[in-house]
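Written below as structure tokens is the structure these notes are about.
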Amino acid sequence: MKIHKIEIYNWRSIIYNSIYFRDLMIFIGQNNHGKSNILSSLLFFFGEIGLQDLDFYGSSNELWVEIEFNDLKGGEKVTFQKYVTASNTIKVRKSAKKGEGFTYNGYLQKPNEDWLKEENISNYTNRASVENLPLYQYLPDSGRITKDAFKQAQIEYINNHLNYISFEYNLETNNFLGAKNVAKGMFGDLFFIPSIKKASEELTAKGNSVFGQLYSRVINKMSESDPKFIEAKKRIAEFSKILNKTTDDGQPNNNRPSDLTSLETLLDEELKSWKAKIDIEITPPNVDDIFRVGTNVWIDDGIKTDIERKGHGLQRALIFALFKAWSKILKQDREVSTESEEYENASDVRVQKRGASKSTYFIFEEPELFLHPQAQKELFSSLVALSVAESQVILCTHSSSFIGLEHHKSICIVIKESFDEGTKILQCKEDLFSKLEEKKRFNLSYWINPDRSELFFAKKVVLVEGQTDKAVIPLIAEKLGVFRYDFTLIDCGSKDTIPQYIHLLNKFKIKYVVVYDKDHQQNKNEDAIASADRSSKIIEACIDSNLGSSLVFENDIEEEIGMVEKVSSNKAYIAINHVADETFQISYSLEAKINKIFE
């Protein structure tokens, strides 16, 4: 099963948010806007972190995190059978009140028809009471109608008539699965890789580290199947028995080393006045643990050392390598588990085993840290592949290398404009373009300038026609002292491509200003001017006044800055030199326009 939707209420900086999830989730936004709080809400739900009073938003006394899971598999349908909806989903809330701890509660989907409600089964235990019900054909042809038989008939009828049954969907008052607390791992395995983490913590063979789990699997496999390993365990166990005073059947051990007996006798003499005796008993050690205790991992990159003596980039890469390897192991386990399941009936979930979900969730906080740009792109490709391999990958990042329009539905922009409003989420759940040619044209301009991914991180986006605008406008803004680094200028490539960028910004509700040329130069004929006007009208029609505005240069940026000579090549370079010249004077009209762009 996978996370389909999460709702968060009064958690840290979040008053209320609902977020739709995909296999890959990318949370971006400026610092201190709430990205980490979204990740921590997941950690709270899955039982990875505890609860403190500071986790409650402001002065609130109640909080909850609610997750809807979909795509449930056979065993999961059995485990959560009580909560599975007609659309194969379950929804669970973890709520807390200050000073009262937390509880898990599930949502129950109940049919409105009395004869389909589970609590009314006892009313239908004889033939006379059920022979006129629509589900009669799903009951046994003869014999007594048991509660189990009627319940199964209800299930089969509901599954076969989903489109014709009305339901009510409410949060249960009792504990989820009837348990006071949900066992860790019940909803699947969650792995969290924080932004700052020592590789040595995950590379130790002890504890519950990723390497420790990988290494344990190898040791366990050897313990079960390797003849030499089995023989070694047997010999160690036999030797341990020789050290004890008595044998397994309680008889004196004549083969015991005399040194041990002498030590006991020496201590007994000292304890005579206390009327006490010493008995040194040796418990055979777990051989598997012996191999863990004495295990050290070395990294050889030309110089063999432990991982702590390597650079942060290699340490980070090793952590990701461990988790990727663990993901492959878990995938193999799922495949073996699926193959080994025996079904009396492929559609009958009653015969399947009940147990924790086999789902896997990876949460990465700023995975780009300590990695150069090319390594970031390679890592992102690996994370995409990891999300495709039946795992969900959730990450927060400040790197444009992790942003691509092919994954635009995975992008969640996190903003916090004020404390009173709290953290908010901006995401686009539908396709960006309705026409194929629009998508192709936009992708072409985007691939030519992949740095345009920076627009997702901007507080405000400035859309311009081309390279000259992008080069000159910030230069003039710096001269005027109004330039802002949290604004991003995007070279759209042409006037006709601007509407696609406006469309993108509208979908994600990112604020913007569109800067374009009126294109009424004296050398243009009527047809060219009419074509320019049509392009201008399309741009204006696309602008959402709640998010964006436009600023129109009378003709083009070259005329605005006073370039008299027209040039056909190297326009951006020549324009920069023109503006950078000490004799350059900014006109009042251009100054007003630049101020408006950066307001």
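Quick note on naming: the chains in the structure tokens go A, B, ... in the order shown, residues restart at 1 in each chain, and ligands are numbered from 1 in order of appearance.
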
Taking only C-alpha atoms into account, produce a table as a Markdown table in which each residue of segment 393-445 of chain A with an atom at most 9 Å from an atom of segment 25-48 of chain A appears once, together with its shortest atom pair and the distance in Å to one decimal, ordered by chain and rising number.
```
| residue | atom | partner | partner_atom | distance |
| --- | --- | --- | --- | --- |
| A:Val393 | CA | A:Met25 | CA | 6.3 |
| A:Ile394 | CA | A:Met25 | CA | 4.7 |
| A:Leu395 | CA | A:Ile26 | CA | 5.2 |
| A:Cys396 | CA | A:Phe27 | CA | 4.4 |
| A:Thr397 | CA | A:Ile28 | CA | 5.5 |
| A:His398 | CA | A:Ile28 | CA | 6.3 |
| A:Ser399 | CA | A:Ile28 | CA | 8.6 |
| A:Phe402 | CA | A:Ile26 | CA | 7.8 |
| A:Ile403 | CA | A:Ile26 | CA | 7.9 |
| A:His407 | CA | A:Ile26 | CA | 8.9 |
| A:Lys409 | CA | A:Met25 | CA | 8.4 |
| A:Ser410 | CA | A:Met25 | CA | 4.7 |
| A:Ile411 | CA | A:Ile26 | CA | 4.8 |
| A:Cys412 | CA | A:Phe27 | CA | 4.8 |
| A:Ile413 | CA | A:Ile28 | CA | 5.1 |
| A:Val414 | CA | A:Gly29 | CA | 4.9 |
| A:Ile415 | CA | A:His33 | CA | 5.3 |
| A:Lys416 | CA | A:His33 | CA | 4.9 |
| A:Glu417 | CA | A:His33 | CA | 8.2 |
| A:Gly422 | CA | A:His33 | CA | 8.5 |
| A:Thr423 | CA | A:Gly34 | CA | 5.8 |
| A:Lys424 | CA | A:Gly34 | CA | 8.3 |
```

Could you please take those selected residues and save N, CA and C atoms as a PDB file, in the first residue's frame?
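Result went into selection_24.pdb, see below:
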```pdb
ATOM      1  N   VAL A 393       9.270   7.594  -2.261  1.00  0.00           N
ATOM      2  CA  VAL A 393      10.419   8.419  -1.913  1.00  0.00           C
ATOM      3  C   VAL A 393       9.925   9.837  -1.646  1.00  0.00           C
ATOM      4  N   ILE A 394      10.243  10.356  -0.474  1.00  0.00           N
ATOM      5  CA  ILE A 394       9.806  11.686  -0.056  1.00  0.00           C
ATOM      6  C   ILE A 394      11.052  12.485   0.279  1.00  0.00           C
ATOM      7  N   LEU A 395      11.216  13.636  -0.345  1.00  0.00           N
ATOM      8  CA  LEU A 395      12.424  14.422  -0.079  1.00  0.00           C
ATOM      9  C   LEU A 395      12.093  15.903  -0.024  1.00  0.00           C
ATOM     10  N   CYS A 396      12.884  16.628   0.745  1.00  0.00           N
ATOM     11  CA  CYS A 396      12.830  18.090   0.707  1.00  0.00           C
ATOM     12  C   CYS A 396      14.198  18.576   0.256  1.00  0.00           C
ATOM     13  N   THR A 397      14.231  19.605  -0.569  1.00  0.00           N
ATOM     14  CA  THR A 397      15.478  20.004  -1.195  1.00  0.00           C
ATOM     15  C   THR A 397      15.504  21.497  -1.476  1.00  0.00           C
ATOM     16  N   HIS A 398      16.723  22.023  -1.610  1.00  0.00           N
ATOM     17  CA  HIS A 398      16.925  23.394  -2.056  1.00  0.00           C
ATOM     18  C   HIS A 398      17.640  23.410  -3.402  1.00  0.00           C
ATOM     19  N   SER A 399      17.743  22.267  -4.039  1.00  0.00           N
ATOM     20  CA  SER A 399      18.507  22.156  -5.284  1.00  0.00           C
ATOM     21  C   SER A 399      17.581  22.038  -6.490  1.00  0.00           C
ATOM     22  N   PHE A 402      16.946  18.658  -8.524  1.00  0.00           N
ATOM     23  CA  PHE A 402      15.925  17.668  -8.169  1.00  0.00           C
ATOM     24  C   PHE A 402      14.541  18.063  -8.710  1.00  0.00           C
ATOM     25  N   ILE A 403      14.518  19.070  -9.566  1.00  0.00           N
ATOM     26  CA  ILE A 403      13.251  19.556 -10.097  1.00  0.00           C
ATOM     27  C   ILE A 403      13.217  19.346 -11.609  1.00  0.00           C
ATOM     28  N   HIS A 407       8.156  15.557 -13.625  1.00  0.00           N
ATOM     29  CA  HIS A 407       7.663  15.159 -12.299  1.00  0.00           C
ATOM     30  C   HIS A 407       6.924  16.320 -11.636  1.00  0.00           C
ATOM     31  N   LYS A 409       3.885  16.869 -10.999  1.00  0.00           N
ATOM     32  CA  LYS A 409       2.844  16.509 -10.042  1.00  0.00           C
ATOM     33  C   LYS A 409       3.426  16.076  -8.704  1.00  0.00           C
ATOM     34  N   SER A 410       4.730  15.831  -8.673  1.00  0.00           N
ATOM     35  CA  SER A 410       5.401  15.444  -7.436  1.00  0.00           C
ATOM     36  C   SER A 410       5.872  16.650  -6.635  1.00  0.00           C
ATOM     37  N   ILE A 411       5.875  17.828  -7.265  1.00  0.00           N
ATOM     38  CA  ILE A 411       6.434  19.025  -6.630  1.00  0.00           C
ATOM     39  C   ILE A 411       5.417  19.659  -5.678  1.00  0.00           C
ATOM     40  N   CYS A 412       5.838  19.913  -4.460  1.00  0.00           N
ATOM     41  CA  CYS A 412       5.014  20.633  -3.486  1.00  0.00           C
ATOM     42  C   CYS A 412       5.807  21.839  -2.991  1.00  0.00           C
ATOM     43  N   ILE A 413       5.294  23.021  -3.254  1.00  0.00           N
ATOM     44  CA  ILE A 413       5.948  24.239  -2.796  1.00  0.00           C
ATOM     45  C   ILE A 413       5.400  24.594  -1.420  1.00  0.00           C
ATOM     46  N   VAL A 414       6.300  24.753  -0.463  1.00  0.00           N
ATOM     47  CA  VAL A 414       5.914  25.026   0.924  1.00  0.00           C
ATOM     48  C   VAL A 414       6.152  26.509   1.202  1.00  0.00           C
ATOM     49  N   ILE A 415       5.105  27.213   1.622  1.00  0.00           N
ATOM     50  CA  ILE A 415       5.232  28.648   1.900  1.00  0.00           C
ATOM     51  C   ILE A 415       4.620  28.966   3.263  1.00  0.00           C
ATOM     52  N   LYS A 416       5.129  30.024   3.884  1.00  0.00           N
ATOM     53  CA  LYS A 416       4.562  30.532   5.143  1.00  0.00           C
ATOM     54  C   LYS A 416       4.663  32.046   5.090  1.00  0.00           C
ATOM     55  N   GLU A 417       3.569  32.696   4.702  1.00  0.00           N
ATOM     56  CA  GLU A 417       3.574  34.146   4.542  1.00  0.00           C
ATOM     57  C   GLU A 417       3.382  34.872   5.868  1.00  0.00           C
ATOM     58  N   GLY A 422       0.049  30.271   8.980  1.00  0.00           N
ATOM     59  CA  GLY A 422       0.787  29.020   9.068  1.00  0.00           C
ATOM     60  C   GLY A 422       1.315  28.555   7.715  1.00  0.00           C
ATOM     61  N   THR A 423       1.883  27.372   7.718  1.00  0.00           N
ATOM     62  CA  THR A 423       2.463  26.786   6.506  1.00  0.00           C
ATOM     63  C   THR A 423       1.368  26.350   5.543  1.00  0.00           C
ATOM     64  N   LYS A 424       1.587  26.636   4.261  1.00  0.00           N
ATOM     65  CA  LYS A 424       0.652  26.234   3.218  1.00  0.00           C
ATOM     66  C   LYS A 424       1.373  25.439   2.137  1.00  0.00           C
TER      67      LYS A 424
END
```

Spatial neighbours of Gly355 of chain A, max dist 8 Å, only C-alpha atoms, sep filter under 5 positions, as a ChimeraX atom specification: /A:75-76,79,186

Residue neighbourhood segment 485-500 of chain A, 10 Å, only C-alpha atoms, exclusion window fewer than 4 positions, as a VMD selection string: chain A and resid 30 432 to 433 438 to 439 441 to 446 448 to 449 451 to 471 473 to 474 504 to 506 511 to 517 532 534 to 536 538 to 543 597 to 598

Minimum-distance residue to Ile510 of chain A, chosen among A:Ile594, A:Ile425, A:Ile158, A:Leu547 (using only C-alpha atoms):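 Selected residue with least distance to Ile510 of chain A: A:Leu547.
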
Spatial neighbours of segment 56-70 of chain A, max dist 9 Å, only C-alpha atoms, sep filter under 3 positions, as an MDAnalysis selection string: chainID A and resid 1:15 41:42 44:45 52:53 87:99 102 422

Kindly save the residues from that selection, with C-alpha atoms included, as a compact mmCIF listing (two decimals), in the first residue's frame.
```txt
# COMPACT_ATOMS: atom_id res chain seq x y z
CA MET A 1 0.00 0.00 0.00
CA LYS A 2 1.05 3.59 -0.49
CA ILE A 3 0.37 6.99 0.99
CA HIS A 4 -2.33 8.65 -1.11
CA LYS A 5 -3.16 11.70 0.98
CA ILE A 6 -2.06 13.23 4.25
CA GLU A 7 -3.96 15.78 6.33
CA ILE A 8 -2.17 17.67 9.10
CA TYR A 9 -3.85 19.70 11.82
CA ASN A 10 -2.12 21.94 14.40
CA TRP A 11 1.29 20.32 13.94
CA ARG A 12 4.10 22.80 14.63
CA SER A 13 3.81 25.60 11.98
CA ILE A 14 0.89 23.90 10.21
CA ILE A 15 -2.65 24.93 11.12
CA SER A 41 4.44 14.88 10.87
CA LEU A 42 5.05 11.68 8.91
CA PHE A 44 5.16 11.23 14.23
CA PHE A 45 2.44 9.20 12.50
CA GLN A 52 6.21 17.25 22.99
CA ASP A 53 4.10 20.25 23.96
CA SER A 87 -12.17 1.86 -3.49
CA ASN A 88 -9.44 -0.23 -1.77
CA THR A 89 -8.25 2.48 0.62
CA ILE A 90 -7.91 2.88 4.38
CA LYS A 91 -7.69 6.12 6.36
CA VAL A 92 -6.13 6.35 9.81
CA ARG A 93 -5.79 9.30 12.18
CA LYS A 94 -3.18 9.69 14.90
CA SER A 95 -4.38 12.36 17.29
CA ALA A 96 -3.07 13.82 20.51
CA LYS A 97 -4.10 16.18 23.29
CA LYS A 98 -1.72 18.00 25.57
CA GLY A 99 -1.03 15.93 28.67
CA PHE A 102 -1.94 9.98 21.55
CA GLY A 422 0.79 29.02 9.07
```

Test item, helix (DSSP H, G or I) assignment across segment 329-536 of chain A, answer as number ranges by chain: A: 329-340, 349-351, 373-388, 400-402, 405-410, 436-448, 450-457, 467-480, 495-508, 526-536
